Structures are given as C-alpha cells and as structure tokens.
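Okay, structure first, notes after.
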Amino acid sequence: MTNKIRADLVAVLALLAFVLTGILSPIEALSGFSNSVVIMIAALFVIGAGILRTGLAQMAGSLLLKYSGDSEKRLFILLLVIVASVGAFMSNTGTVALMLPIVVSIAISINSSPSKYLIPLSYMASFSGLLTLIASPPNLIISQMLVDNGYERLSFFQITPIGIIGVVVGIIYLYLVRNRLLPKRKTASSNMNNKLSTKQLAADYQLGGNLFLVKVPTGSDLVGKRLTQLKIPATYHLCILKISRKSTEGMNLLPMNFHEMAGPNSVIQEKDRLYIQGSLSNVEKFAEDYGLSVEQSTSEADELVSKQLGIAEVLLTPHSSLINETLRTIGFREKYNLNILGINRQGDYVVKDMSKQTLRFGDALLVQGSWDSIELLSRDTRNVVVIGQPKEHASMAAASGKASIAGAIMILMVLLMVLEIFPAVISVLIGAALMILTGCVRNMDDAYGQINWESVVLIGAMLPMATALEKTGGMVLLSEGIITFMGGLGPLGILGGIFFLTMVFGQFISNTATAVLFAPIGLSAALTIGVSPYPFLIAVAVGASMAFSTPVASPTNALVMTAGGYQFKDFVKIGIPLQFIMLIVMMIAIPILFPL
C-alpha cells in the first residue's frame, strides 16, 4: 500500500518468506508460475498487441466521430459504450492506452477539455473487465479457484450479466455527474498525438516528386546483374533504395511482397519493382536505356515502409565521429547498411547531391533500411541518437492491413472458449500463436516485449499465498472473523462484508493482488456457512475491479491522471459515491444472478 517497493518484488519477497519460514516447500512456492491463469494472462497480452498493432481497435475511434456528429451528449455515451466493447477483449490498461490519444484528439477537435472524458474512460475500462472471462485477471483467478476446489469453472460469458449491469450503472452515473463533478482543466495533453509518424517524416523531408517506382520487365538487360556492376549512382546520379518482389517470408502464412534494401550485391530479377531516388529526367534516361517502365510514386511513406524496411530520423551527437565528414567518405551505407534519404539542417532540407555535403553538429538525417539495421543504429549512442521508437514503427508496419485477420483470430478464440472445445488456456495460446504466425504481431521478440512481466510475476508469486493461508489456518481465521463480525446479517451480510473489504483493499493494491488475497477468503467463508461459493467469488472479482477512489487504485487511473491534469481529490470526489452505488447495486444483482 505504501508503494515504496514494487508490487512484484513484494510478492517475490513474500514467496521467499514462506519458504524460509518452512510454511511452503520450494515446489509449493513456485507452483504459481505453472498455473494456467499465469500462462493465459501472458498470452492475452500478445493477443491484445495484435489487436492494437493491426489497427483493429482504432476502428472504434473512427466510429465515435462518424456516429456522434455534433452532439456532445451522444459523443460521451458512444465513447463509453465503445470503451466497454473494446475492453471486453483487452486488458483495462491496454484499452485506456489505446483510447487515450483518440479521446484527447476528439476532445480538442470539439473545443472541450480532455479532463471531462479521461476519468470516465478509466472507470469504464474497469467496468469492461466484468464483461467476459478473459477481460480481467480477477475473473480468471476466481474461475481457477473454483476448478481447484472441485467446482465447474466459469464459462466465457457467465459473468457478462454482472458486467452489463455495471456498465449501464456506470454510464448513467458518469453521464449525470459529467458537468458537476468532472473538472474542466486545460491540460498539456493536446501534444500527446504529435508523435512523428513515417508519413510526417516523408512530408517534412519533401520526398514528394523525388521517389519513383520502376518496373523490370521480362528480358530486360538488368535481369541477373548485381547493382555494383551497373554503377547507377555514377552514371545516372540515382540511388536505388529498395527492391520489391512477390514472395513468402518465413512462417508468415499469407502471400506478401518481399522488400529488400538495395545494396551493392543485390541481384535484379524479372518483374522486380525498384524504388529509386533522384530527378525525373535521370530516372527516365535510366529507364529508356534498359527498357523499364516508370511510374511516379503516389505515397512516399507507404512505399518506404514495409514489414522488412522502414525510415527513421537520427541526430548527430556533439562527439560524433561523423561530424566534418562527407557521406561519401564515411561510407554510411556500408557501415550501417542504411541509405540516407535527406539531411535536415536547421530547417533546411537537402535531398539532392547529399554525397558532397559535410555533416555538422545538429544535423538530422533521414535514414532508410531494414528495421533491424535501424535498431542496431540506435545502439550507437556515441555517434547518433535515433528519434522515436523504431521497434514500435516496425511492429505497426508489419501488422498494417491485417485488422480483419486479427478480428478473425479473436472471434475464433472466443468461439473455442465458448464452445469449450479446449481448456481456456489452450484456446488463448492458439490465438496468441496465430497472431504471430499471421504477422499481426511482428515476431517472437515483439510478442515477448508486449507481455507485462510485472503482472505475470506478481500473479505467479502471489498465488501460493492461498496455499499458505490454508496450511497455516490463516484462511479460516480471516473468514471466521468476517463471519463473526457480519454473521448477524446472514449470508447476504457476509457477502456484503467480503465485497466491501475487497473494494477497500482494491484502492491501494492491484486488482490482481486483491483477487488473489480475497478469493480464498471468500471461498472459505461460503463453505463455512454452507452456501454456494459462486456469489462470494463473483463478489471478489467485482469488488477488485471497483478501483475508482485513488489514482493508485489502478494503472488506468495513473495513466489518465497526468493526461487529464487531475488531482488526488478528483478521484475521491467522483469515485467514492460510485463505489457505494455499486455496493448497493451488486448486493441486489449478485444473489439474483448467482443464488446463495
């Protein structure tokens, strides 16, 4: 709760304490890391990355503007409905990270304060975690708890009615208080969307009219020759940037164009498409000499970026060995396996006769080549600094145009889980593997990079706490304490007590940790008084997701706090009334949908 030590480290220290004091054996202590819930959550991060990378989730943002029109009320409600829909299949953190820049840009476009929309965005992402089994770790934790104790696991949509009630109540509450309790502060979040994209880079360096596509017909004299034999730069003052040809790459299951960065040893083949930088007159002369057909490139950024190749802007450092050297003398292409497309010198862009230019401190270079080469260049911090995130751009380029594939994979995964053809963890692993095999996630390195390992370690290290509580009698002690204190009110009072305590703890520790702590206590309390454990564990899952009253209650609250310019008191003022409303609503809804 103090947050002085990271939550995952606290969990590991607790695990070690159990072993060192003899409460758990090493096998028992490490059993959490082989738990299917931990594997499933890791795989869900990969699926979420595929949904994000392909642009599938961004389609939700376009729907907002399309259907809301000029109505602020309609926009507000549509925003919350779309956030809930997206969040039903992604983590709440991923949902907020995805929707945050979209919401900010929409708010600015209608001359409204982003702070009016960002707390509702965070709260609705938390509510959406109750819509499906996979939407939130607490759902998976309580489902596994039931299985471990001989009960039927929750089906994919079994918790959905509770989630729908939460979403509806949340929308009504936030709609009514949006002009009363939500602050209307001016924030600096308008700059959040100003990330330099590849299209902006191409436009800034004025590549338009300077990049041409040339097709190599069958029988051309170029076929079978290496570029070094042709001496194109010396003869025609042109630079061949890349070669595109039909191919299949690696394990990618879909036909695609293979893009190769043109180098001295590149061999021209029939029907190759060459992307050439230079003047139109020189390109036409080159094409005439070799019987090629020329068409001017229509979208420079699209042509320069692919799954294999990309562009990036780099700055020269004060101590760079490239300063006071010309591009010809430093052999940039040979040293880094990258082409230089342009030089930005204090706002003046040089894209022609660059080989004669002497580089100066403060110059920015637009480079093009394979994403791997750009990533390697980013490690040469003595000479250059790569601006932006080449790995992120590479992943987005690899998944571009595959939104329908990601959607089909997600539907397949949901169907497998609903029909229970395989155990839930296998269905999710199938979805994650397909995301990688189809290129919706760039490769295994990208997949590993998208997993939130803090969450994985936190869950894996805390799950054995249930075993420790059971072995030492701690679970009985805690559940009996709740029963003694609330027992006079009957099973419903005990249910309310567990819900309330879960909700209170959830304001200071993650929903995952809260669920791990209270799931065994809720189960023990239900068994002690001889009622069904389902409503008690559902209460734990719902209570753990009601993290509204503090900015540290959920990563989503922390994400919107800075962007919305919020203060701690804003969450208290808006969150506490909502939590008490949800307490009353859920104490009515849970016993009806999951009888005691």
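Identifiers for the structure tokens are assigned positionally: chains receive A, B, ... in sequence, residues are indexed from 1 per chain, and ligands are indexed from 1 in the order shown.
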
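Neighbours of Phe485 of chain A closer than or equal to 12 Å, with only C-alpha atoms counted and sequence neighbours fewer than 6 positions away skipped, come out as Leu478, Ser479, Pro491, Gly493, Ile494, Leu495, Gly496, Gly497 and Ile498 of chain A.
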
Could you pull the residues within 12 Å of Ile538 of chain A, counting only C-alpha atoms, minus those fewer than 5 positions along the same chain, as a PyMOL selection string? chain A and resi 130+133+138-143+145-146+153-154+158-163+495-496+498-499+502+515+518-519+522-523+526+532-533+543-545+586-587+589-591+593-596

Give the strand (DSSP E) residues of segment 369-551 of chain A, as assigned by DSSP on the backbone, as a VMD selection string. chain A and resid 369 to 370 384 to 387

Between atom CA of Ala42 of chain A and atom CA of Gly129 of chain A, what is the distance in Å, rounded to a tenth? 16.3 Å

Residues within 8 Å of Arg226 of chain A, please, as a ChimeraX atom specification. Count only C-alpha atoms; anything in the same chain fewer than 5 positions from it doesn't count. /A:264-268

So that I have them on file, write out the residues from the current selection with N, CA, C and O atoms, as a PDB file, in the first residue's frame.
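The resulting out-v8.pdb:
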ATOM      1  N   PRO A 264      25.011  -3.163 -52.844  1.00  0.00           N
ATOM      2  CA  PRO A 264      25.920  -3.449 -53.972  1.00  0.00           C
ATOM      3  C   PRO A 264      25.770  -4.866 -54.522  1.00  0.00           C
ATOM      4  O   PRO A 264      25.935  -5.094 -55.710  1.00  0.00           O
ATOM      5  N   ASN A 265      25.450  -5.835 -53.650  1.00  0.00           N
ATOM      6  CA  ASN A 265      25.365  -7.229 -54.088  1.00  0.00           C
ATOM      7  C   ASN A 265      23.944  -7.676 -54.432  1.00  0.00           C
ATOM      8  O   ASN A 265      23.711  -8.861 -54.690  1.00  0.00           O
ATOM      9  N   SER A 266      22.988  -6.755 -54.407  1.00  0.00           N
ATOM     10  CA  SER A 266      21.616  -7.106 -54.772  1.00  0.00           C
ATOM     11  C   SER A 266      21.541  -7.484 -56.246  1.00  0.00           C
ATOM     12  O   SER A 266      22.110  -6.808 -57.116  1.00  0.00           O
ATOM     13  N   VAL A 267      20.851  -8.584 -56.551  1.00  0.00           N
ATOM     14  CA  VAL A 267      20.716  -9.078 -57.922  1.00  0.00           C
ATOM     15  C   VAL A 267      19.304  -8.775 -58.426  1.00  0.00           C
ATOM     16  O   VAL A 267      18.313  -9.111 -57.773  1.00  0.00           O
ATOM     17  N   ILE A 268      19.209  -8.138 -59.584  1.00  0.00           N
ATOM     18  CA  ILE A 268      17.917  -7.785 -60.164  1.00  0.00           C
ATOM     19  C   ILE A 268      17.276  -9.023 -60.784  1.00  0.00           C
ATOM     20  O   ILE A 268      17.950  -9.794 -61.488  1.00  0.00           O
TER      21      ILE A 268
END

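Checking A:Ile47, A:Val572, A:Leu429, A:Ile405 one by one against Leu181 of chain A, counting only C-alpha atoms, you find the shortest gap at A:Val572.
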
Shell around segment 282-297 of chain A at 8 Å using only C-alpha atoms, local window under 2 positions removed, as a ChimeraX atom specification: /A:209,211-217,220-222,236-238,276,278-280,299-300,303

Quick one: write out the picked residues with C-alpha atoms as a compact mmCIF listing (two decimals), in the first residue's frame?
# COMPACT_ATOMS: atom_id res chain seq x y z
CA GLY A 209 8.46 14.13 -56.63
CA LEU A 211 10.92 9.00 -55.36
CA PHE A 212 9.97 6.83 -58.34
CA LEU A 213 8.80 3.28 -58.93
CA VAL A 214 10.40 1.45 -61.87
CA LYS A 215 9.27 -2.00 -63.05
CA VAL A 216 11.69 -4.53 -64.56
CA PRO A 217 10.06 -6.40 -67.47
CA SER A 220 15.49 -6.59 -69.54
CA ASP A 221 19.28 -6.26 -69.65
CA LEU A 222 19.16 -5.60 -65.89
CA TYR A 236 22.74 8.32 -63.70
CA HIS A 237 23.08 10.14 -60.31
CA LEU A 238 20.36 7.92 -58.91
CA ILE A 276 14.62 4.98 -56.99
CA GLY A 278 16.58 11.11 -57.94
CA SER A 279 15.36 13.54 -60.56
CA LEU A 280 12.66 12.57 -63.05
CA SER A 299 2.69 7.80 -51.34
CA GLU A 300 6.31 8.15 -50.31
CA GLU A 303 6.43 2.94 -50.32

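Atom CA of Ala312 of chain A lies 11.8 Å from atom CA of Val384 of chain A.
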
Please return, as a ChimeraX atom specification, all residues of segment 84-184 of chain A that DSSP assigns to helix (DSSP H, G or I) on the basis of the backbone. /A:84-87,92-109,115-128,137-148,160-177

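The coordinates place atom CA of Asn452 of chain A at 19.1 Å from atom CA of Leu30 of chain A.
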
Excluding same-chain residues fewer than 4 positions from segment 106-123 of chain A, what lies within 6 Å of it counting only C-alpha atoms, as a PyMOL selection string? chain A and resi 182+184+556-557+560+564

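With only C-alpha atoms as the atoms that count, the residue of A:Met40, A:Ile340, A:Leu412, A:Leu477 with the shortest distance to Leu327 of chain A is A:Ile340.
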
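The neighbours of segment 18-28 of chain A here are the residues that come within 12 Å of it, using only C-alpha atoms and leaving out any residue fewer than 4 positions away in the same chain; they are Ala11, Val12, Leu13, Ala14, Gly32, Phe33, Ser34, Asn35, Gly460, Ala461, Met462, Leu463, Pro464, Met465, Ala466, Thr467, Ala468, Leu469, Glu470, Lys471, Thr472, Gly473 and Gly474 of chain A.
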
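Proximity to Phe156 of chain A was assessed for A:Val516, A:Leu537, A:Val414, A:Leu274 counting only C-alpha atoms; the smallest distance is recorded for A:Val414.
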
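Nearest-residue note for Leu15 of chain A: choosing from A:Leu501, A:Tyr175, A:Ile459, A:Leu527, the minimum distance belongs to A:Ile459, counting only C-alpha atoms.
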